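Colleague: To be precise about what I am sending: the file is called coords-v4.pdb and holds PDB, C-alpha atoms.
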ATOM      1  CA  MET A 826     117.457  66.007 115.424
ATOM      2  CA  GLU A 827     118.046  62.367 116.363
ATOM      3  CA  SER A 828     115.936  59.645 117.978
ATOM      4  CA  ASP A 829     117.852  60.122 121.242
ATOM      5  CA  ASP A 830     116.393  63.638 121.442
ATOM      6  CA  LEU A 831     112.759  62.532 121.442
ATOM      7  CA  ALA A 832     112.372  61.913 125.175
ATOM      8  CA  ALA A 833     113.604  65.328 126.296
ATOM      9  CA  CYS A 834     111.903  67.139 123.409
ATOM     10  CA  GLY A 835     108.639  65.400 124.291
ATOM     11  CA  VAL A 836     108.834  67.091 127.691
ATOM     12  CA  LEU A 837     109.236  70.467 125.984
ATOM     13  CA  LEU A 838     106.242  69.755 123.744
ATOM     14  CA  ALA A 839     104.010  68.762 126.676
ATOM     15  CA  ASP A 840     105.025  71.942 128.495
ATOM     16  CA  ARG A 841     104.158  74.009 125.429
ATOM     17  CA  HIS A 842     100.755  72.397 125.150
ATOM     18  CA  ARG A 843      99.995  72.971 128.836
ATOM     19  CA  ARG A 844     100.672  76.679 128.346
ATOM     20  CA  HIS A 845      98.554  76.664 125.209
ATOM     21  CA  ARG A 846      95.600  75.113 127.041
ATOM     22  CA  MET A 847      95.742  77.850 129.669
ATOM     23  CA  ALA A 848      94.852  80.245 126.855
ATOM     24  CA  GLU A 849      92.659  77.814 124.883
ATOM     25  CA  PRO A 850      91.126  75.209 127.223
ATOM     26  CA  LEU A 851      89.065  73.612 124.432
ATOM     27  CA  LEU A 852      92.224  71.949 123.131
ATOM     28  CA  SER A 853      92.767  68.357 124.197
ATOM     29  CA  ALA A 854      94.173  67.796 127.679
ATOM     30  CA  ARG A 855      95.705  64.498 126.527
ATOM     31  CA  PHE A 856      98.818  66.105 125.101
ATOM     32  CA  CYS A 857      99.703  67.779 128.388
ATOM     33  CA  GLU A 858     100.931  64.334 129.402
ATOM     34  CA  VAL A 859     104.553  63.774 128.453
ATOM     35  CA  ASP A 860     103.977  60.264 127.079
ATOM     36  CA  ALA A 861     101.215  61.447 124.735
ATOM     37  CA  ALA A 862     103.250  64.431 123.554
ATOM     38  CA  ARG A 863     106.270  62.203 122.978
ATOM     39  CA  ARG A 864     104.192  59.808 120.873
ATOM     40  CA  GLU A 865     103.062  62.670 118.644
ATOM     41  CA  LEU A 866     106.621  63.919 118.299
ATOM     42  CA  THR A 867     107.865  60.403 117.535
ATOM     43  CA  ALA A 868     105.223  59.988 114.830
ATOM     44  CA  ALA A 869     106.331  63.285 113.272
ATOM     45  CA  PHE A 870     109.990  62.224 113.523
ATOM     46  CA  GLU A 871     109.241  58.932 111.755
ATOM     47  CA  THR A 872     107.464  60.648 108.869
ATOM     48  CA  THR A 873     109.246  60.107 105.557
ATOM     49  CA  GLU A 874     112.136  62.567 105.036
ATOM     50  CA  ALA A 875     111.570  64.342 108.349
ATOM     51  CA  SER A 876     114.459  66.444 109.617
ATOM     52  CA  GLY A 877     115.082  69.286 112.006
ATOM     53  CA  ALA A 878     117.309  70.685 114.733
ATOM     54  CA  VAL A 879     117.664  70.704 118.525
ATOM     55  CA  ALA A 880     119.051  73.553 120.648
ATOM     56  CA  LEU A 881     121.066  72.654 123.761
ATOM     57  CA  ARG A 882     122.033  74.749 126.769
ATOM     58  CA  ASP A 883     124.432  73.201 129.255
ATOM     59  CA  GLY A 884     123.774  69.875 127.553
ATOM     60  CA  ALA A 885     119.983  69.999 127.986
ATOM     61  CA  PRO A 886     117.501  70.628 125.135
ATOM     62  CA  VAL A 887     115.837  74.069 125.245
ATOM     63  CA  GLY A 888     114.078  73.808 121.905
ATOM     64  CA  PHE A 889     113.531  71.866 118.728
ATOM     65  CA  VAL A 890     112.026  72.225 115.271
ATOM     66  CA  LEU A 891     111.022  69.302 113.055
ATOM     67  CA  GLY A 892     109.586  69.353 109.546
ATOM     68  CA  SER A 893     108.708  66.992 106.721
ATOM     69  CA  PRO A 894     107.498  67.378 103.123
ATOM     70  CA  LYS A 895     104.037  66.774 101.705
ATOM     71  CA  SER A 896     103.705  65.013  98.384
ATOM     72  CA  SER A 897     101.011  67.254  96.873
ATOM     73  CA  SER A 898     102.279  69.535  94.117
ATOM     74  CA  VAL A 899      99.867  72.235  95.335
ATOM     75  CA  TRP A 900     102.367  73.194  98.050
ATOM     76  CA  GLY A 901     105.408  73.447  95.810
ATOM     77  CA  PRO A 902     108.818  72.008  96.842
ATOM     78  CA  ASN A 903     107.814  72.132 100.503
ATOM     79  CA  ILE A 904     108.576  71.427 104.128
ATOM     80  CA  TRP A 905     105.927  71.480 106.879
ATOM     81  CA  VAL A 906     106.399  72.055 110.594
ATOM     82  CA  GLU A 907     103.126  70.684 111.944
ATOM     83  CA  ALA A 908     101.478  71.078 115.359
ATOM     84  CA  ALA A 909     103.907  68.694 117.098
ATOM     85  CA  GLY A 910     106.923  70.057 115.262
ATOM     86  CA  GLN A 911     108.250  72.740 117.569
ATOM     87  CA  ALA A 912     108.736  73.848 121.162
ATOM     88  CA  VAL A 913     111.166  76.249 122.836
ATOM     89  CA  THR A 914     111.790  77.629 126.287
ATOM     90  CA  ASP A 915     112.714  80.991 124.747
ATOM     91  CA  ALA A 916     111.114  82.203 121.500
ATOM     92  CA  GLU A 917     114.366  83.719 120.230
ATOM     93  CA  VAL A 918     115.902  80.235 120.153
ATOM     94  CA  MET A 919     113.478  79.338 117.353
ATOM     95  CA  ARG A 920     115.300  81.698 115.002
ATOM     96  CA  ASP A 921     118.533  79.764 115.517
ATOM     97  CA  LEU A 922     116.741  76.442 115.167
ATOM     98  CA  TYR A 923     115.173  77.459 111.870
ATOM     99  CA  ALA A 924     118.521  78.734 110.591
ATOM    100  CA  ALA A 925     120.062  75.338 111.272
ATOM    101  CA  ALA A 926     117.182  73.223 109.927
ATOM    102  CA  ALA A 927     116.479  75.371 106.858
ATOM    103  CA  THR A 928     120.062  74.974 105.668
ATOM    104  CA  ARG A 929     119.278  71.349 104.893
ATOM    105  CA  TRP A 930     115.728  72.032 103.658
ATOM    106  CA  VAL A 931     116.806  74.604 101.106
ATOM    107  CA  GLY A 932     119.819  72.486 100.198
ATOM    108  CA  GLU A 933     117.364  69.724  99.284
ATOM    109  CA  GLY A 934     115.466  72.175  97.078
ATOM    110  CA  ARG A 935     112.576  72.580  99.516
ATOM    111  CA  THR A 936     111.965  76.303  99.285
ATOM    112  CA  ALA A 937     108.283  76.559 100.310
ATOM    113  CA  HIS A 938     108.141  76.476 104.113
ATOM    114  CA  TYR A 939     104.958  76.126 106.204
ATOM    115  CA  VAL A 940     104.714  76.158 109.982
ATOM    116  CA  LEU A 941     101.808  75.737 112.402
ATOM    117  CA  VAL A 942     102.303  77.989 115.444
ATOM    118  CA  PRO A 943     100.205  78.187 118.639
ATOM    119  CA  ALA A 944      98.250  81.408 118.258
ATOM    120  CA  TYR A 945      98.479  82.345 121.936
ATOM    121  CA  ASP A 946     102.298  82.686 121.896
ATOM    122  CA  ALA A 947     102.868  86.191 120.542
ATOM    123  CA  ASP A 948     106.620  86.011 121.109
ATOM    124  CA  LEU A 949     106.940  82.797 119.123
ATOM    125  CA  VAL A 950     104.755  84.138 116.316
ATOM    126  CA  ARG A 951     106.910  87.270 116.195
ATOM    127  CA  ALA A 952     110.079  85.150 116.058
ATOM    128  CA  TRP A 953     108.731  83.417 112.956
ATOM    129  CA  PHE A 954     107.678  86.749 111.445
ATOM    130  CA  ARG A 955     111.249  87.969 111.955
ATOM    131  CA  LEU A 956     112.387  84.975 109.928
ATOM    132  CA  GLY A 957     110.468  86.224 106.901
ATOM    133  CA  PHE A 958     107.233  84.285 107.455
ATOM    134  CA  GLY A 959     103.756  85.719 107.050
ATOM    135  CA  GLN A 960     100.375  84.439 108.159
ATOM    136  CA  GLN A 961      98.525  82.393 105.557
ATOM    137  CA  GLN A 962      95.801  80.549 107.478
ATOM    138  CA  ALA A 963      94.053  80.478 110.838
ATOM    139  CA  HIS A 964      92.655  77.515 112.745
ATOM    140  CA  GLY A 965      89.660  78.512 114.843
ATOM    141  CA  ILE A 966      87.766  76.896 117.695
ATOM    142  CA  ARG A 967      84.625  77.717 119.651
ATOM    143  CA  PRO A 968      82.355  75.974 122.159
ATOM    144  CA  ALA A 969      79.449  74.027 120.711
ATOM    145  CA  VAL A 970      76.763  76.348 122.063
ATOM    146  CA  ARG A 971      73.983  78.049 120.169
ATOM    147  CA  THR A 972      74.686  81.577 119.037
ATOM    148  CA  ARG A 973      72.865  84.233 121.065
ATOM    149  CA  THR A 974      71.880  86.332 118.071
ATOM    150  CA  ARG A 975      70.740  84.758 114.824
ATOM    151  CA  THR A 976      71.439  86.115 111.373
ATOM    152  CA  ASP A 977      68.237  87.421 109.844
ATOM    153  CA  VAL A 978      68.511  88.138 106.121
ATOM    154  CA  ALA A 979      65.332  89.080 104.294
ATOM    155  CA  GLY A 980      64.216  86.300 101.975
ATOM    156  CA  LEU A 981      66.916  83.883 103.184
ATOM    157  CA  SER A 982      66.346  80.432 104.656
ATOM    158  CA  VAL A 983      68.785  77.654 105.561
ATOM    159  CA  ARG A 984      67.864  73.965 105.424
ATOM    160  CA  ARG A 985      69.422  70.519 105.015
ATOM    161  CA  ALA A 986      70.369  69.683 101.447
ATOM    162  CA  VAL A 987      68.383  67.167  99.423
ATOM    163  CA  ARG A 988      69.129  65.306  96.209
ATOM    164  CA  ALA A 989      67.467  68.010  94.125
ATOM    165  CA  ASP A 990      70.172  70.424  95.322
ATOM    166  CA  ILE A 991      73.008  68.428  93.738
ATOM    167  CA  PRO A 992      73.428  70.681  90.644
ATOM    168  CA  ALA A 993      73.812  73.758  92.868
ATOM    169  CA  LEU A 994      76.135  71.918  95.270
ATOM    170  CA  ALA A 995      78.343  70.861  92.339
ATOM    171  CA  GLU A 996      78.626  74.499  91.239
ATOM    172  CA  LEU A 997      79.332  75.743  94.776
ATOM    173  CA  ASP A 998      82.191  73.252  95.155
ATOM    174  CA  ILE A 999      84.064  75.325  92.590
ATOM    175  CA  GLU A1000      83.332  78.706  94.168
ATOM    176  CA  LEU A1001      85.668  78.499  97.170
ATOM    177  CA  PRO A1002      88.835  77.529  95.242
ATOM    178  CA  ARG A1003      87.870  80.032  92.560
ATOM    179  CA  GLN A1004      87.586  82.758  95.189
ATOM    180  CA  HIS A1005      90.954  81.751  96.656
ATOM    181  CA  GLY A1006      92.510  82.087  93.229
ATOM    182  CA  SER A1007      91.452  85.727  92.982
ATOM    183  CA  SER A1008      92.588  88.894  94.777
ATOM    184  CA  PRO A1009      93.765  89.271  97.473
ATOM    185  CA  THR A1010      94.426  85.578  98.195
ATOM    186  CA  PHE A1011      95.992  84.587  94.848
ATOM    187  CA  SER A1012      96.228  80.945  95.895
ATOM    188  CA  PRO A1013      96.451  78.684  92.870
ATOM    189  CA  GLY A1014      94.798  75.325  93.225
ATOM    190  CA  VAL A1015      93.399  72.488  91.183
ATOM    191  CA  LEU A1016      89.822  73.213  90.171
ATOM    192  CA  SER A1017      87.519  70.252  89.805
ATOM    193  CA  THR A1018      84.891  70.234  87.092
ATOM    194  CA  VAL A1019      81.153  70.464  87.598
ATOM    195  CA  GLU A1020      80.829  67.012  86.035
ATOM    196  CA  GLU A1021      83.265  65.513  88.556
ATOM    197  CA  ASN A1022      81.441  67.214  91.413
ATOM    198  CA  LEU A1023      78.072  65.950  90.192
ATOM    199  CA  ALA A1024      79.339  62.385  90.228
ATOM    200  CA  GLU A1025      80.727  62.775  93.752
ATOM    201  CA  TRP A1026      77.505  64.286  95.066
ATOM    202  CA  GLU A1027      75.396  61.537  93.529
ATOM    203  CA  GLU A1028      77.284  59.123  95.760
ATOM    204  CA  GLY A1029      77.898  61.387  98.739
ATOM    205  CA  ILE A1030      74.556  63.084  99.293
ATOM    206  CA  ALA A1031      73.301  60.086 101.276
ATOM    207  CA  ASP A1032      76.354  59.883 103.564
ATOM    208  CA  THR A1033      74.919  60.478 107.030
ATOM    209  CA  GLY A1034      78.376  61.258 108.393
ATOM    210  CA  PHE A1035      78.197  64.677 106.752
ATOM    211  CA  ALA A1036      75.593  67.355 107.435
ATOM    212  CA  THR A1037      75.144  69.460 104.304
ATOM    213  CA  PHE A1038      73.177  72.682 104.477
ATOM    214  CA  VAL A1039      72.048  75.042 101.733
ATOM    215  CA  ALA A1040      71.000  78.675 101.935
ATOM    216  CA  GLU A1041      68.066  79.599  99.754
ATOM    217  CA  SER A1042      67.125  83.097  98.645
ATOM    218  CA  ASP A1043      63.904  83.686  96.730
ATOM    219  CA  GLY A1044      63.717  79.990  95.898
ATOM    220  CA  ARG A1045      67.308  79.711  94.600
ATOM    221  CA  VAL A1046      70.234  78.022  96.355
ATOM    222  CA  VAL A1047      72.922  80.664  96.907
ATOM    223  CA  GLY A1048      75.304  78.930  99.330
ATOM    224  CA  SER A1049      76.206  75.712 101.096
ATOM    225  CA  ALA A1050      78.103  74.484 104.144
ATOM    226  CA  ILE A1051      79.161  71.082 105.432
ATOM    227  CA  GLY A1052      79.651  69.833 108.973
ATOM    228  CA  CYS A1053      81.064  66.530 110.176
ATOM    229  CA  ALA A1054      82.880  64.966 113.093
ATOM    230  CA  LEU A1055      86.473  66.186 113.063
ATOM    231  CA  GLU A1056      87.577  62.546 112.873
ATOM    232  CA  ARG A1057      86.240  62.486 109.308
ATOM    233  CA  SER A1058      88.727  65.199 108.323
ATOM    234  CA  SER A1059      92.401  64.896 107.407
ATOM    235  CA  THR A1060      93.129  68.334 108.911
ATOM    236  CA  HIS A1061      93.539  69.711 112.464
ATOM    237  CA  LEU A1062      95.766  66.810 113.439
ATOM    238  CA  SER A1063      97.858  65.911 116.470
ATOM    239  CA  LEU A1064      98.001  68.665 119.123
ATOM    240  CA  ALA A1065      95.729  70.805 116.942
ATOM    241  CA  ARG A1066      92.918  68.245 117.208
ATOM    242  CA  PRO A1067      90.594  68.811 120.184
ATOM    243  CA  ASP A1068      88.545  65.980 121.618
ATOM    244  CA  ASP A1069      84.838  65.619 120.864
ATOM    245  CA  ALA A1070      84.869  68.200 118.075
ATOM    246  CA  GLY A1071      82.567  68.985 115.192
ATOM    247  CA  PHE A1072      84.074  70.454 112.049
ATOM    248  CA  LEU A1073      82.841  73.264 109.834
ATOM    249  CA  GLY A1074      84.652  71.831 106.851
ATOM    250  CA  PHE A1075      83.323  73.832 103.922
ATOM    251  CA  ALA A1076      81.261  76.907 103.183
ATOM    252  CA  ALA A1077      80.757  78.737  99.902
ATOM    253  CA  VAL A1078      78.422  81.420  98.608
ATOM    254  CA  PHE A1079      77.819  82.476  95.025
ATOM    255  CA  PRO A1080      79.427  85.876  94.288
ATOM    256  CA  GLU A1081      76.149  87.743  93.787
ATOM    257  CA  ALA A1082      74.953  86.736  97.277
ATOM    258  CA  ARG A1083      78.142  87.550  99.218
ATOM    259  CA  GLY A1084      78.311  90.284 101.831
ATOM    260  CA  ARG A1085      74.713  89.803 102.977
ATOM    261  CA  GLY A1086      75.275  87.430 105.909
ATOM    262  CA  VAL A1087      74.644  84.210 103.989
ATOM    263  CA  GLY A1088      77.935  82.648 105.078
ATOM    264  CA  ARG A1089      77.311  83.419 108.717
ATOM    265  CA  ALA A1090      73.790  81.956 108.530
ATOM    266  CA  LEU A1091      75.261  78.744 107.099
ATOM    267  CA  GLY A1092      77.923  78.693 109.820
ATOM    268  CA  GLU A1093      75.244  79.081 112.473
ATOM    269  CA  ALA A1094      73.425  76.085 111.002
ATOM    270  CA  VAL A1095      76.564  73.936 111.286
ATOM    271  CA  VAL A1096      77.198  75.106 114.864
ATOM    272  CA  ASP A1097      73.603  74.269 115.812
ATOM    273  CA  TRP A1098      73.989  70.865 114.176
ATOM    274  CA  ALA A1099      77.148  70.288 116.267
ATOM    275  CA  VAL A1100      75.239  71.227 119.425
ATOM    276  CA  ASP A1101      72.380  68.864 118.547
ATOM    277  CA  SER A1102      74.904  66.107 117.750
ATOM    278  CA  GLY A1103      76.453  66.369 121.206
ATOM    279  CA  PHE A1104      79.891  67.731 120.276
ATOM    280  CA  GLY A1105      81.733  69.791 122.872
ATOM    281  CA  CYS A1106      83.330  72.234 120.449
ATOM    282  CA  VAL A1107      83.495  73.183 116.783
ATOM    283  CA  VAL A1108      86.616  73.908 114.740
ATOM    284  CA  THR A1109      87.190  75.416 111.334
ATOM    285  CA  ASP A1110      89.968  77.137 109.387
ATOM    286  CA  TRP A1111      90.241  79.939 106.876
ATOM    287  CA  ARG A1112      92.688  81.803 104.687
ATOM    288  CA  VAL A1113      93.342  85.125 106.369
ATOM    289  CA  THR A1114      93.481  86.807 102.955
ATOM    290  CA  ASN A1115      89.935  85.612 102.255
ATOM    291  CA  LEU A1116      88.334  88.839 103.394
ATOM    292  CA  LEU A1117      84.848  87.461 103.933
ATOM    293  CA  ALA A1118      85.877  84.279 105.773
ATOM    294  CA  SER A1119      88.407  86.079 107.981
ATOM    295  CA  ARG A1120      85.645  88.401 109.168
ATOM    296  CA  THR A1121      82.729  85.950 109.271
ATOM    297  CA  TRP A1122      84.199  83.121 111.348
ATOM    298  CA  PRO A1123      85.670  85.265 114.176
ATOM    299  CA  ALA A1124      82.352  87.154 114.298
ATOM    300  CA  LEU A1125      80.663  83.777 114.792
ATOM    301  CA  GLY A1126      82.795  83.170 117.879
ATOM    302  CA  PHE A1127      85.753  81.217 116.499
ATOM    303  CA  THR A1128      89.008  82.194 118.202
ATOM    304  CA  GLU A1129      92.378  81.459 116.640
ATOM    305  CA  SER A1130      94.045  78.364 118.073
ATOM    306  CA  PHE A1131      96.894  77.865 115.593
ATOM    307  CA  LEU A1132      98.297  80.084 112.852
ATOM    308  CA  ARG A1133      99.713  78.661 109.669
ATOM    309  CA  LEU A1134     102.657  80.749 108.556
ATOM    310  CA  HIS A1135     104.396  80.553 105.191
ATOM    311  CA  ARG A1136     107.630  81.618 103.570
ATOM    312  CA  THR A1137     108.992  81.040 100.092
ATOM    313  CA  VAL A1138     112.768  81.185  99.811
ATOM    314  CA  ALA A1139     113.757  82.907  96.581
ATOM    315  CA  GLY A1140     115.891  80.875  94.261
TER     316      GLY A1140
END
As structure tokens, please, write out the structure in this file.
Modeller:
Amino acid sequence: MESDDLAACGVLLADRHRRHRMAEPLLSARFCEVDAARRELTAAFETTEASGAVALRDGAPVGFVLGSPKSSSVWGPNIWVEAAGQAVTDAEVMRDLYAAAATRWVGEGRTAHYVLVPAYDADLVRAWFRLGFGQQQAHGIRPAVRTRTRTDVAGLSVRRAVRADIPALAELDIELPRQHGSSPTFSPGVLSTVEENLAEWEEGIADTGFATFVAESDGRVVGSAIGCALERSSTHLSLARPDDAGFLGFAAVFPEARGRGVGRALGEAVVDWAVDSGFGCVVTDWRVTNLLASRTWPALGFTESFLRLHRTVAG
């Protein structure tokens, strides 16, 4: 892919986003405009070490794929195709595009491949599956409206966190990555320490840009969740970032309290906070192998907007 391809490929990207919004109208309308889509594609193209491929038919582009690496060691020797990194007129073309682009990626030693795919496009998702990818994560979105039925768990209450909750919050910060490290997710990550978390909470508890909630059962904190404006997050970027969105950025429950509806009650609190704050929608994301999260968030009304797929090329 070369800079001369950006104009025509920007048209393809805008067309893709228009089709996506027909299925998911909460996504931003801005990127249906060719100029806005082209700017996102150009920014992706100018990312350090970005590379990809363009497919031509009778001299005109009919598809492209564009990826770039992330520096974090958590992802391995990686390449990422983000939300602005692909568009095709025919899903089968994506298999040829990946074959061309991945030749370079693997040649550079980048064997961990991640791609963000519009969830509505079953043919495109299937094309990636037929390239050896599997689903790792889901991005979800829902309107910022109060839930019709409220979770009612005996002895459970949800409230805003206060400074006295910091020790429990520091412990809960470890629970989500710890859960992801276990079966069936098996996702290794860097665990912080309780001491590090305590120090962060001592400074962060007063930050009014974040709404932190705790769930209490019989006088003991058993879970927490955090909401914020999506602009405060480094995720759900580019075409995956809706306008005027609140973000359910974190939720964790101690193991002994899981499976009782605590997570959903915390999610409802964040959604209600988003409604009261005037947001038009709420987004979140979850590992699809996290059994509790992948059942709780769709049940709370989040529909999949993008799927993160992953493939590791054996050495």
Colleague: Report the residues retrieved by the PyMOL selection byres ((chain A and resi 892) around 8) from the displayed file, expressed as an MDAnalysis selection string.
Modeller: chainID A and resid 869 875:877 890:891 893:894 904:907 910
Colleague: Running the PyMOL selection byres ((chain A and resi 1120-1127) around 9) on this model by hand, what would come out? Give it as a compact mmCIF listing (two decimals) with C-alpha atoms, keeping the file's coordinate frame.
Modeller:
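Saved the output as selection.txt:
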# COMPACT_ATOMS: atom_id res chain seq x y z
CA HIS A 964 92.66 77.52 112.74
CA GLY A 965 89.66 78.51 114.84
CA ILE A 966 87.77 76.90 117.70
CA ARG A 967 84.62 77.72 119.65
CA PRO A 968 82.36 75.97 122.16
CA THR A 972 74.69 81.58 119.04
CA GLY A 1086 75.28 87.43 105.91
CA GLY A 1088 77.94 82.65 105.08
CA ARG A 1089 77.31 83.42 108.72
CA GLY A 1092 77.92 78.69 109.82
CA GLU A 1093 75.24 79.08 112.47
CA VAL A 1107 83.50 73.18 116.78
CA VAL A 1108 86.62 73.91 114.74
CA THR A 1109 87.19 75.42 111.33
CA ASP A 1110 89.97 77.14 109.39
CA TRP A 1111 90.24 79.94 106.88
CA VAL A 1113 93.34 85.12 106.37
CA ASN A 1115 89.94 85.61 102.26
CA LEU A 1116 88.33 88.84 103.39
CA LEU A 1117 84.85 87.46 103.93
CA ALA A 1118 85.88 84.28 105.77
CA SER A 1119 88.41 86.08 107.98
CA THR A 1128 89.01 82.19 118.20
CA GLU A 1129 92.38 81.46 116.64
CA SER A 1130 94.04 78.36 118.07
Colleague: To test your reading of the syntax: which residues would the PyMOL selection byres ((chain A and resi 920-932) around 7) return for the file shown? Reply as a PyMOL selection string.
Modeller: chain A and resi 877-880+889-890+917-919+933-936+952+956
Colleague: Go through A:Gln911, A:Arg1057, A:Leu1064, A:Glu858 and flag the residue nearest Trp953 of chain A, using only C-alpha atoms for the distances.
Modeller: A:Gln911
Colleague: Compare A:Ala1076, A:Pro1002, A:Asp990, A:Val942 by their minimum atom-to-atom distance to Ala963 of chain A, counting only C-alpha atoms, and give me the closest one.
Modeller: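 Checking each of A:Ala1076, A:Pro1002, A:Asp990, A:Val942 against Ala963 of chain A, counting only C-alpha atoms, the winner is A:Val942.
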Colleague: Might you pull out every residue within 10 Å of Gly1052 of chain A, with all atoms listed in the file counted and same-chain residues fewer than 6 positions away left off, and present them as a PDB file with C-alpha atoms, in the frame of the given file?
Modeller:
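The resulting result-v6.pdb:
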ATOM      1  CA  GLY A1034      78.376  61.258 108.393  1.00  0.00           C
ATOM      2  CA  PHE A1035      78.197  64.677 106.752  1.00  0.00           C
ATOM      3  CA  ALA A1036      75.593  67.355 107.435  1.00  0.00           C
ATOM      4  CA  THR A1037      75.144  69.460 104.304  1.00  0.00           C
ATOM      5  CA  PHE A1038      73.177  72.682 104.477  1.00  0.00           C
ATOM      6  CA  GLY A1071      82.567  68.985 115.192  1.00  0.00           C
ATOM      7  CA  PHE A1072      84.074  70.454 112.049  1.00  0.00           C
ATOM      8  CA  LEU A1073      82.841  73.264 109.834  1.00  0.00           C
ATOM      9  CA  GLY A1074      84.652  71.831 106.851  1.00  0.00           C
ATOM     10  CA  PHE A1075      83.323  73.832 103.922  1.00  0.00           C
ATOM     11  CA  ALA A1076      81.261  76.907 103.183  1.00  0.00           C
ATOM     12  CA  GLY A1092      77.923  78.693 109.820  1.00  0.00           C
ATOM     13  CA  ALA A1094      73.425  76.085 111.002  1.00  0.00           C
ATOM     14  CA  VAL A1095      76.564  73.936 111.286  1.00  0.00           C
ATOM     15  CA  VAL A1096      77.198  75.106 114.864  1.00  0.00           C
ATOM     16  CA  TRP A1098      73.989  70.865 114.176  1.00  0.00           C
ATOM     17  CA  ALA A1099      77.148  70.288 116.267  1.00  0.00           C
ATOM     18  CA  VAL A1107      83.495  73.183 116.783  1.00  0.00           C
ATOM     19  CA  VAL A1108      86.616  73.908 114.740  1.00  0.00           C
ATOM     20  CA  THR A1109      87.190  75.416 111.334  1.00  0.00           C
TER      21      THR A1109
END
Colleague: For Glu849 of chain A, please output as a PyMOL selection string all residues within 10 Å (counting only C-alpha atoms; exclusion window: fewer than 2 positions along the same chain).
Modeller: chain A and resi 842-847+851-853+943-945+966-967+1128-1130
Colleague: Please measure the separation of atom CA of Leu1134 of chain A and atom CA of Thr1010 of chain A, giving the value in Å to one decimal.
Modeller: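 Straight-line distance from atom CA of Leu1134 of chain A to atom CA of Thr1010 of chain A works out to 14.1 Å.
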Colleague: Expressed in Å to a single decimal, how great is the separation between atom CA of Phe870 of chain A and atom CA of Val836 of chain A?
Modeller: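 Going from atom CA of Phe870 of chain A over to atom CA of Val836 of chain A, I get 15.0 Å.
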Colleague: Please provide as an NGL selection string all residues within 10 Å of His1005 of chain A, with the sequence filter that same-chain residues fewer than 5 positions apart are discarded (counting all atoms listed in the file).
Modeller: :A and (1000 or 1010-1014 or 1112 or 1114-1115)
Colleague: Extract segment 1026-1038 of chain A from the preceding block and save N, CA and C atoms as a short mmCIF file (atom, residue, chain, number, x, y, z; two decimals), in the first residue's frame.
Modeller:
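Dumped to decode.cif:
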data_model
loop_
_atom_site.label_atom_id
_atom_site.label_comp_id
_atom_site.auth_asym_id
_atom_site.auth_seq_id
_atom_site.Cartn_x
_atom_site.Cartn_y
_atom_site.Cartn_z
N TRP A 1026 -4.87 4.45 43.71
CA TRP A 1026 -6.20 4.82 44.18
C TRP A 1026 -6.15 6.01 45.14
N GLU A 1027 -5.09 6.12 45.91
CA GLU A 1027 -4.98 7.26 46.81
C GLU A 1027 -5.00 8.57 46.02
N GLU A 1028 -4.43 8.54 44.82
CA GLU A 1028 -4.44 9.72 43.97
C GLU A 1028 -5.70 9.80 43.12
N GLY A 1029 -6.19 8.65 42.67
CA GLY A 1029 -7.26 8.65 41.68
C GLY A 1029 -8.67 8.67 42.22
N ILE A 1030 -8.87 8.36 43.48
CA ILE A 1030 -10.22 8.25 44.01
C ILE A 1030 -10.98 9.57 43.90
N ALA A 1031 -10.27 10.68 43.89
CA ALA A 1031 -10.92 11.99 43.84
C ALA A 1031 -11.13 12.51 42.42
N ASP A 1032 -10.69 11.75 41.41
CA ASP A 1032 -10.81 12.19 40.03
C ASP A 1032 -12.28 12.13 39.61
N THR A 1033 -12.89 13.29 39.42
CA THR A 1033 -14.31 13.34 39.09
C THR A 1033 -14.61 12.91 37.66
N GLY A 1034 -13.57 12.68 36.86
CA GLY A 1034 -13.78 12.21 35.50
C GLY A 1034 -14.13 10.74 35.44
N PHE A 1035 -13.97 10.04 36.55
CA PHE A 1035 -14.29 8.61 36.61
C PHE A 1035 -15.36 8.39 37.66
N ALA A 1036 -16.33 7.56 37.33
CA ALA A 1036 -17.40 7.20 38.26
C ALA A 1036 -17.14 5.76 38.72
N THR A 1037 -16.71 5.62 39.95
CA THR A 1037 -16.38 4.29 40.49
C THR A 1037 -17.51 3.82 41.40
N PHE A 1038 -17.97 2.61 41.15
CA PHE A 1038 -19.04 2.02 41.93
C PHE A 1038 -18.53 0.76 42.62
#
